[in-house]
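Following: one structure in structure tokens, then a few remarks.
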2 protein chains.
Amino acid sequence: MTAADRVSALGYALLAALAREPMTGYALAQLVRDPIGFFWETRHSQIYPELARLEAAALVASTFGPGPGPRPKRTYAATDAGLAELRAWIAAPSRFGGRRDELLLKVYASWLVEPSVTLGLVQSARRHHESNLERYLTRDASARARGIAELGPRDPRFADYLTLRRGIDFERGRIAWCDWVIDQLAVDDPGVASARRRATP
Amino acid sequence: MTAADRVSALGYALLAALAREPMTGYALAQLVRDPIGFFWETRHSQIYPELARLEAAALVASTFGPGPGPRPKRTYAATDAGLAELRAWIAAPSRFGGRRDELLLKVYASWLVEPSVTLGLVQSARRHHESNLERYLTRDASARARGIAELGPRDPRFADYLTLRRGIDFERGRIAWCDWVIDQLAVDDPGVASARRRATP
DNA sequence: CTCGGCTATGTCATTCTTGACATAGTTTGG
DNA sequence: CCAAACTATGTCAAGAATGACATAGCCGAG
């Protein structure tokens with residue numbers, strides 16, 4: 001309702017975070033770096049203008065307090081209209097897709113370079129995914145220990161758990177694919193096989 | 001070399017396609033819809049200006065011929081400088097990330113809505129991934145039948161095969177996760193469980 | 001005591017991306 | 001025979017995203 005016009009996907013991401021608890025733009029930037037960052041990345045320079053747009057549409061409201069820098073600290077909360085808008089968006093038809101994957105793009109062009117270059121690329125990606133996986137597994141273990149897996153679908157922590165599981169599956173799938181690609185490269189170049197063995201003892 | 005300045009990721013995607021064979025902007029738009037679309041999506045309205053930029057940087061070259069519409073048909077080919085630029089980019093450090101996943105964002109906020117709404121969302125996603133998987137599996141079977149899996153890393157068709165495998169793994173992982181989420185929703189709502197059984201006989 | 005990092009908020013220019021508009025011949029199916 | 005879809009190329013305005021710049025107090029490590 002009201003002049004809720006068109007809200008961008010980022011707007012919904014911010015609203016989804018604020019639906020859990022009120023927080024500052026800075027805290028949203030942290031969230032969008034890590035837990036939300038798995039499925040929605042952005043920079044703080046985009047968050048502040050988007051919060052202003054959401055506030056203009058009355059989907060969030062802000063309160064001021066003393067801040068650490070030159071400006072006052074501003075805490076945002078989702079309004080009832082904001083929550084209603086978010087609920088409507090969840091129920092509306094989604095567009096799946098919108099992928100952007102630099103690694104796959106590089107692998108697509110990898111026939112142009114020596115296998116050792118591709119190997120380096122894939123090993124570097126593997127390390128990245130390995131470190132992500134470790135982080136997610138730690139979080140998952142702690143969530144399970146706290147009984148979050150039994151909370152049911154109306155608890156935000158349960159929703160965290162659902163997305164975290166996808167993160168874990170994703171990273172594992174990627175690591176398995178990286179290993180498979182490394183093996184494929186080794187078929188034509190025995191030097192690559194030993195590199196793979198050294199990388200994964 | 002030359003004034004190759006900064007090429008955008010889309011520029012590299014186009015260059016990667018043109019490195020295989022010369023083609024028109026329209027053909028590139030088709031590619032970016034389907035095989036490349038899995039890891040890099042865009043619209044034709046972005047392809048034409050980007051091709052102009054690549055040509056200005058001498059990374060691609062175009063030739064004109066008779067076209068079906070009001071304008072002549074323009075076929076682009078990667079230049080040696082373009083191939084060099086592409087090779088350098090593959091070897092350069094990558095930034096992993098840049099995810100944008102509307103489904104996960106909605107699931108993150110799904111505690112706000114009734115489980116039946118979440119169920120609909122996830123089932124719709126499942127159908128989408130199921131249809132993608134089917135398409136990829138058909139392509140994979142045909143690639144294997146033609147012995148492409150044995151070609152080695154310096155053949156573009158082998159690079160296709162590497163990325164296609166990731167597509168298959170990705171869709172399977174997603175489907176498995178969708179099924180798991182549907183089961184999780186069923187724990188609290190027996191009506192959901194029967195919906196799941198009907199959806200996957 | 002100083003340096004770096006964290007909290008915290010914003011702006012700005014540039015680039016990227018989207019969706020709509022525009023045009024026109026050929027091919028395919030009902 | 002007619003309509004729809006396909007080939008083919010482009011523009012344009014609006015909105016989204018990136019990276020750099022700017023500011024400043026507080027806190028911990030060395």
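Each chain in the structure tokens gets a letter, A, B and so on, in the order shown; residues start at 1 in every chain, and ligands are counted from 1 in the order they appear.
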
For D:DA3, list every protein, DNA or RNA residue within 12 Å, evaluated using only C-alpha atoms (C1' of nucleotides), and leave out those in the same chain fewer than 3 positions away; present the list as a list of chain:residue names.
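Selected residues are C:DT28, C:DG29, C:DG30.
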
Near chain D, 6 Å: chain A residue rows, closest pairs, only C-alpha atoms (C1' of nucleotides), as a tab-separated table:
```
residue	atom	partner	partner_atom	distance
A:Pro68	CA	D:DG25	C1'	5.4
A:Gly69	CA	D:DA24	C1'	4.6
A:Pro70	CA	D:DA24	C1'	5.6
```

Please produce an output containing N, CA and C atoms for each residue in the selection, written as a PDB file, in the first residue's frame.
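Below is the file part_5.pdb, written as the result:
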```
ATOM      1  N   PRO A  68      29.585   7.555  16.294  1.00  0.00           N
ATOM      2  CA  PRO A  68      31.021   7.597  16.569  1.00  0.00           C
ATOM      3  C   PRO A  68      31.758   8.566  15.650  1.00  0.00           C
ATOM      4  N   GLY A  69      31.189   8.865  14.485  1.00  0.00           N
ATOM      5  CA  GLY A  69      31.862   9.730  13.526  1.00  0.00           C
ATOM      6  C   GLY A  69      31.243  11.107  13.526  1.00  0.00           C
ATOM      7  N   PRO A  70      31.418  11.826  12.411  1.00  0.00           N
ATOM      8  CA  PRO A  70      30.887  13.180  12.320  1.00  0.00           C
ATOM      9  C   PRO A  70      29.356  13.222  12.240  1.00  0.00           C
TER      10      PRO A  70
END
```

Do me a favour and pick out the residues of chain B within 6 Å of chain A, using only C-alpha atoms, as a ChimeraX atom specification.
/B:16,39-40,90,99-101,106,108-109,111,153-156,159

Could I get the residues of chain C with an atom no further than 12 Å from an atom of chain B, each paired with its nearest atom pair and that distance in Å to one decimal, using only C-alpha atoms (C1' of nucleotides), sorted by chain and residue number, as a Markdown table?
```
| residue | atom | partner | partner_atom | distance |
| --- | --- | --- | --- | --- |
| C:DT15 | C1' | B:Ser8 | CA | 9.5 |
| C:DC16 | C1' | B:Gln46 | CA | 8.8 |
| C:DT17 | C1' | B:Gln46 | CA | 7.6 |
| C:DT18 | C1' | B:Arg43 | CA | 8.2 |
| C:DG19 | C1' | B:Ser45 | CA | 9.3 |
| C:DA20 | C1' | B:Ser45 | CA | 10.6 |
| C:DC21 | C1' | B:Ser45 | CA | 11.6 |
| C:DA22 | C1' | B:Pro70 | CA | 10.6 |
| C:DT23 | C1' | B:Pro70 | CA | 6.2 |
| C:DA24 | C1' | B:Gly69 | CA | 4.6 |
| C:DG25 | C1' | B:Pro68 | CA | 5.1 |
| C:DT26 | C1' | B:Pro68 | CA | 7.5 |
| C:DT27 | C1' | B:Pro68 | CA | 11.7 |
```

Same residues, C-alpha atoms (C1' of nucleotides), saved as a PDB file, in the first residue's frame:
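After the write, part28.pdb holds the following:
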```pdb
ATOM      1  C1'  DT C  15      30.181   2.288 -15.585  1.00  0.00           C
ATOM      2  C1'  DC C  16      26.833  -1.532 -16.106  1.00  0.00           C
ATOM      3  C1'  DT C  17      22.355  -3.314 -16.751  1.00  0.00           C
ATOM      4  C1'  DT C  18      17.542  -3.375 -17.937  1.00  0.00           C
ATOM      5  C1'  DG C  19      13.457  -2.836 -20.697  1.00  0.00           C
ATOM      6  C1'  DA C  20      11.252  -0.491 -24.158  1.00  0.00           C
ATOM      7  C1'  DC C  21      11.226   1.396 -28.743  1.00  0.00           C
ATOM      8  C1'  DA C  22      12.274   1.112 -33.694  1.00  0.00           C
ATOM      9  C1'  DT C  23      12.701  -1.225 -38.292  1.00  0.00           C
ATOM     10  C1'  DA C  24      12.186  -4.772 -41.939  1.00  0.00           C
ATOM     11  C1'  DG C  25      12.797  -8.962 -44.692  1.00  0.00           C
ATOM     12  C1'  DT C  26      12.289 -14.245 -44.537  1.00  0.00           C
ATOM     13  C1'  DT C  27      10.506 -18.451 -42.956  1.00  0.00           C
TER      14       DT C  27
END
```

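Here atom CA of A:Gly82 is placed at a distance of 21.2 Å from atom CA of A:Gln30.
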
DSSP on the backbone: which residues in stretch 25-150 of chain B end up as alpha helix (DSSP H)? Give the answer as a ChimeraX atom specification.
/B:25-33,44-56,80-91,102-108,115-145

I'd like the interatomic distance between atom CA of B:Arg74 and atom CA of B:Arg139, to a tenth of an Å.
29.3 Å

Secondary structure check, strand (DSSP E) residues of stretch 65-146 of chain A, as a PyMOL selection string:
chain A and resi 65+73-78

Can you work out the spacing between atom CA of A:Asp140 and atom CA of A:Tyr26 in Å, to one decimal?
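Atom-to-atom, atom CA of A:Asp140 to atom CA of A:Tyr26, that is 25.2 Å.
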
Long-range neighbours of A:Ile47 as number ranges by chain, 10 Å cut-off, only C-alpha atoms (C1' of nucleotides), 2 positions minimum in chain:
A: 10-11, 14, 25-26, 28-29, 32, 42-45, 49-53

Would you mind exporting the chosen residues as a PDB file, in the first residue's frame, restricted to N, CA and C atoms?
```
ATOM      1  N   LEU A  10      17.569  -5.480  -3.979  1.00  0.00           N
ATOM      2  CA  LEU A  10      18.369  -5.076  -2.828  1.00  0.00           C
ATOM      3  C   LEU A  10      17.472  -4.549  -1.719  1.00  0.00           C
ATOM      4  N   GLY A  11      16.443  -3.788  -2.099  1.00  0.00           N
ATOM      5  CA  GLY A  11      15.492  -3.282  -1.122  1.00  0.00           C
ATOM      6  C   GLY A  11      14.878  -4.416  -0.319  1.00  0.00           C
ATOM      7  N   LEU A  14      17.385  -5.838   2.179  1.00  0.00           N
ATOM      8  CA  LEU A  14      17.520  -4.996   3.369  1.00  0.00           C
ATOM      9  C   LEU A  14      16.297  -5.149   4.271  1.00  0.00           C
ATOM     10  N   GLY A  25      22.754   1.088   9.017  1.00  0.00           N
ATOM     11  CA  GLY A  25      23.224   0.811   7.674  1.00  0.00           C
ATOM     12  C   GLY A  25      24.554   0.072   7.714  1.00  0.00           C
ATOM     13  N   TYR A  26      25.360   0.438   8.677  1.00  0.00           N
ATOM     14  CA  TYR A  26      26.669  -0.218   8.832  1.00  0.00           C
ATOM     15  C   TYR A  26      26.496  -1.701   9.129  1.00  0.00           C
ATOM     16  N   LEU A  28      23.937  -3.533   8.409  1.00  0.00           N
ATOM     17  CA  LEU A  28      23.409  -4.152   7.186  1.00  0.00           C
ATOM     18  C   LEU A  28      24.548  -4.464   6.217  1.00  0.00           C
ATOM     19  N   ALA A  29      25.508  -3.546   6.151  1.00  0.00           N
ATOM     20  CA  ALA A  29      26.656  -3.759   5.272  1.00  0.00           C
ATOM     21  C   ALA A  29      27.461  -4.981   5.710  1.00  0.00           C
ATOM     22  N   VAL A  32      25.402  -8.088   4.699  1.00  0.00           N
ATOM     23  CA  VAL A  32      25.442  -8.292   3.266  1.00  0.00           C
ATOM     24  C   VAL A  32      26.843  -8.767   2.848  1.00  0.00           C
ATOM     25  N   THR A  42      26.505  -6.657  -1.937  1.00  0.00           N
ATOM     26  CA  THR A  42      26.489  -5.248  -2.335  1.00  0.00           C
ATOM     27  C   THR A  42      27.461  -4.469  -1.451  1.00  0.00           C
ATOM     28  N   ARG A  43      27.575  -3.164  -1.714  1.00  0.00           N
ATOM     29  CA  ARG A  43      28.493  -2.310  -0.954  1.00  0.00           C
ATOM     30  C   ARG A  43      27.683  -1.323  -0.110  1.00  0.00           C
ATOM     31  N   HIS A  44      28.337  -0.764   0.880  1.00  0.00           N
ATOM     32  CA  HIS A  44      27.619   0.177   1.743  1.00  0.00           C
ATOM     33  C   HIS A  44      27.169   1.409   0.958  1.00  0.00           C
ATOM     34  N   SER A  45      27.926   1.742  -0.093  1.00  0.00           N
ATOM     35  CA  SER A  45      27.568   2.932  -0.872  1.00  0.00           C
ATOM     36  C   SER A  45      26.230   2.759  -1.592  1.00  0.00           C
ATOM     37  N   PRO A  49      21.721   4.897   0.023  1.00  0.00           N
ATOM     38  CA  PRO A  49      20.658   5.463  -0.835  1.00  0.00           C
ATOM     39  C   PRO A  49      19.410   4.575  -0.884  1.00  0.00           C
ATOM     40  N   GLU A  50      19.603   3.257  -0.830  1.00  0.00           N
ATOM     41  CA  GLU A  50      18.457   2.350  -0.896  1.00  0.00           C
ATOM     42  C   GLU A  50      17.602   2.480   0.363  1.00  0.00           C
ATOM     43  N   LEU A  51      18.255   2.637   1.522  1.00  0.00           N
ATOM     44  CA  LEU A  51      17.511   2.849   2.770  1.00  0.00           C
ATOM     45  C   LEU A  51      16.714   4.150   2.690  1.00  0.00           C
ATOM     46  N   ALA A  52      17.297   5.166   2.071  1.00  0.00           N
ATOM     47  CA  ALA A  52      16.594   6.436   1.924  1.00  0.00           C
ATOM     48  C   ALA A  52      15.345   6.247   1.066  1.00  0.00           C
ATOM     49  N   ARG A  53      15.476   5.434  -0.013  1.00  0.00           N
ATOM     50  CA  ARG A  53      14.320   5.182  -0.879  1.00  0.00           C
ATOM     51  C   ARG A  53      13.246   4.399  -0.134  1.00  0.00           C
TER      52      ARG A  53
END
```
